[in-house]
Amino acid sequence: MFSSILVPLDLSDRNTEALRLAASLLAPGGRLTLLHVVELIPGLSREEEPAFYARLERAAHEQLGAHARTLEAEGCAPEVVIEAGRRVEVIVTQAADHALVVLASHRIDPSTPARSWGTLSYQIGLLAPASVLLVKSGEAQ
């Protein structure tokens, strides 16, 4: 059981297993943080396109809110955090305040493992100051 768990989420439907597993690993009274990072596009600042980034943040709040409500119905009270920035940097920074990071990942094709070395999950696994649990699902990529 972990006292604090960070679950970085994209807005895809592949996060269900990671969320379920994170909730099951959380100690009673522990802190579960659902994090989504709105990736800032180089050359397209928030000041230049506030409506674009506001739409992305609204979508993230809706999706993470739905995940939070599902977890609340199961007795867990997660915190929802939406930040803008570079995904790896924000996740690694947030991981410093947690005992565990639970992250949905994809399966790696053993015949071409080098293709996956630059993935977000690989980078977080190497850089995060907390332990990282990768939850593999789906087809090999």
# chains A, B, ... in the order shown; residues from 1 in each chain; ligands from 1
>>> select_by_dssp(residues="region 10-59 of chain A", states="alpha helix (DSSP H)", output="list in words")
Thr16, Glu17, Ala18, Leu19, Arg20, Leu21, Ala22, Ala23, Ser24, Leu25, Pro50, Ala51, Phe52, Tyr53, Ala54, Arg55, Leu56, Glu57, Arg58 and Ala59 of chain A
>>> write_last_selection(atoms="N, CA, C and O atoms", output="compact mmCIF listing (two decimals), in the first residue's frame")
# COMPACT_ATOMS: atom_id res chain seq x y z
N THR A 16 -8.11 2.87 -17.92
CA THR A 16 -8.98 2.21 -16.95
C THR A 16 -8.22 1.27 -16.02
O THR A 16 -8.39 1.32 -14.80
N GLU A 17 -7.37 0.43 -16.58
CA GLU A 17 -6.63 -0.54 -15.76
C GLU A 17 -5.64 0.17 -14.83
O GLU A 17 -5.50 -0.22 -13.66
N ALA A 18 -4.98 1.21 -15.30
CA ALA A 18 -4.05 1.95 -14.46
C ALA A 18 -4.78 2.60 -13.29
O ALA A 18 -4.30 2.59 -12.15
N LEU A 19 -5.95 3.16 -13.56
CA LEU A 19 -6.75 3.78 -12.49
C LEU A 19 -7.20 2.75 -11.46
O LEU A 19 -7.11 2.98 -10.25
N ARG A 20 -7.67 1.62 -11.94
CA ARG A 20 -8.14 0.56 -11.04
C ARG A 20 -7.00 0.06 -10.16
O ARG A 20 -7.13 -0.08 -8.94
N LEU A 21 -5.85 -0.15 -10.78
CA LEU A 21 -4.71 -0.65 -10.03
C LEU A 21 -4.21 0.39 -9.02
O LEU A 21 -3.89 0.05 -7.88
N ALA A 22 -4.15 1.64 -9.42
CA ALA A 22 -3.70 2.70 -8.50
C ALA A 22 -4.62 2.76 -7.28
O ALA A 22 -4.14 2.84 -6.15
N ALA A 23 -5.92 2.70 -7.50
CA ALA A 23 -6.87 2.76 -6.38
C ALA A 23 -6.68 1.56 -5.45
O ALA A 23 -6.78 1.69 -4.23
N SER A 24 -6.37 0.40 -6.03
CA SER A 24 -6.20 -0.79 -5.19
C SER A 24 -4.89 -0.76 -4.39
O SER A 24 -4.78 -1.42 -3.37
N LEU A 25 -3.91 0.02 -4.85
CA LEU A 25 -2.62 0.10 -4.16
C LEU A 25 -2.55 1.24 -3.14
O LEU A 25 -1.57 1.36 -2.41
N PRO A 50 -5.46 31.67 -26.48
CA PRO A 50 -6.10 31.29 -25.21
C PRO A 50 -7.33 30.40 -25.40
O PRO A 50 -7.56 29.50 -24.60
N ALA A 51 -8.08 30.60 -26.46
CA ALA A 51 -9.29 29.79 -26.68
C ALA A 51 -8.92 28.33 -26.97
O ALA A 51 -9.58 27.40 -26.50
N PHE A 52 -7.86 28.13 -27.73
CA PHE A 52 -7.41 26.78 -28.07
C PHE A 52 -7.01 26.02 -26.80
O PHE A 52 -7.47 24.90 -26.56
N TYR A 53 -6.17 26.63 -25.98
CA TYR A 53 -5.73 25.97 -24.76
C TYR A 53 -6.87 25.83 -23.75
O TYR A 53 -6.92 24.83 -23.01
N ALA A 54 -7.79 26.77 -23.73
CA ALA A 54 -8.95 26.66 -22.83
C ALA A 54 -9.80 25.46 -23.21
O ALA A 54 -10.31 24.75 -22.33
N ARG A 55 -9.97 25.20 -24.51
CA ARG A 55 -10.73 24.02 -24.95
C ARG A 55 -10.04 22.73 -24.50
O ARG A 55 -10.70 21.79 -24.04
N LEU A 56 -8.73 22.68 -24.63
CA LEU A 56 -7.99 21.50 -24.19
C LEU A 56 -8.13 21.29 -22.68
O LEU A 56 -8.31 20.16 -22.21
N GLU A 57 -8.04 22.36 -21.92
CA GLU A 57 -8.18 22.25 -20.46
C GLU A 57 -9.59 21.83 -20.07
O GLU A 57 -9.76 21.02 -19.15
N ARG A 58 -10.61 22.36 -20.76
CA ARG A 58 -12.00 21.95 -20.48
C ARG A 58 -12.19 20.45 -20.73
O ARG A 58 -12.81 19.75 -19.94
N ALA A 59 -11.67 19.98 -21.87
CA ALA A 59 -11.78 18.54 -22.19
C ALA A 59 -11.09 17.70 -21.12
O ALA A 59 -11.61 16.65 -20.70
>>> residues_around(residues="region 37-41 of chain A", least_positions_apart="4", cutoff="6 Å", atoms="only C-alpha atoms", output="MDAnalysis selection string")
chainID A and resid 82:87
>>> select_by_dssp(residues="region 78-121 of chain A", states="strand (DSSP E or B)", output="list in words")
Glu79, Val80, Val81, Ile82, Glu83, Ala84, Gly85, Leu100, Val101, Val102, Leu103, Ala104, Ser105, His106 and Arg107 of chain A
>>> closest_atom_pairs(of="region 28-114 of chain A", to="region 118-121 of chain A", cutoff="12 Å", atoms="only C-alpha atoms", output="CSV")
residue,atom,partner,partner_atom,distance
A:Arg86,CA,A:Leu120,CA,10.7
A:Arg87,CA,A:Leu120,CA,8.0
A:Val88,CA,A:Leu120,CA,6.7
A:Glu89,CA,A:Leu120,CA,10.4
A:Val90,CA,A:Leu120,CA,11.7
A:Ile91,CA,A:Leu120,CA,9.8
A:Val92,CA,A:Leu120,CA,10.8
A:Val101,CA,A:Ser121,CA,10.4
A:Val102,CA,A:Ser121,CA,10.0
A:Leu103,CA,A:Ser121,CA,7.1
A:Ala104,CA,A:Ser121,CA,7.9
A:Ser105,CA,A:Ser121,CA,6.2
A:His106,CA,A:Ser121,CA,8.7
A:Arg107,CA,A:Ser121,CA,11.0
A:Ile108,CA,A:Thr119,CA,10.5
A:Pro113,CA,A:Gly118,CA,10.4
A:Ala114,CA,A:Gly118,CA,8.2
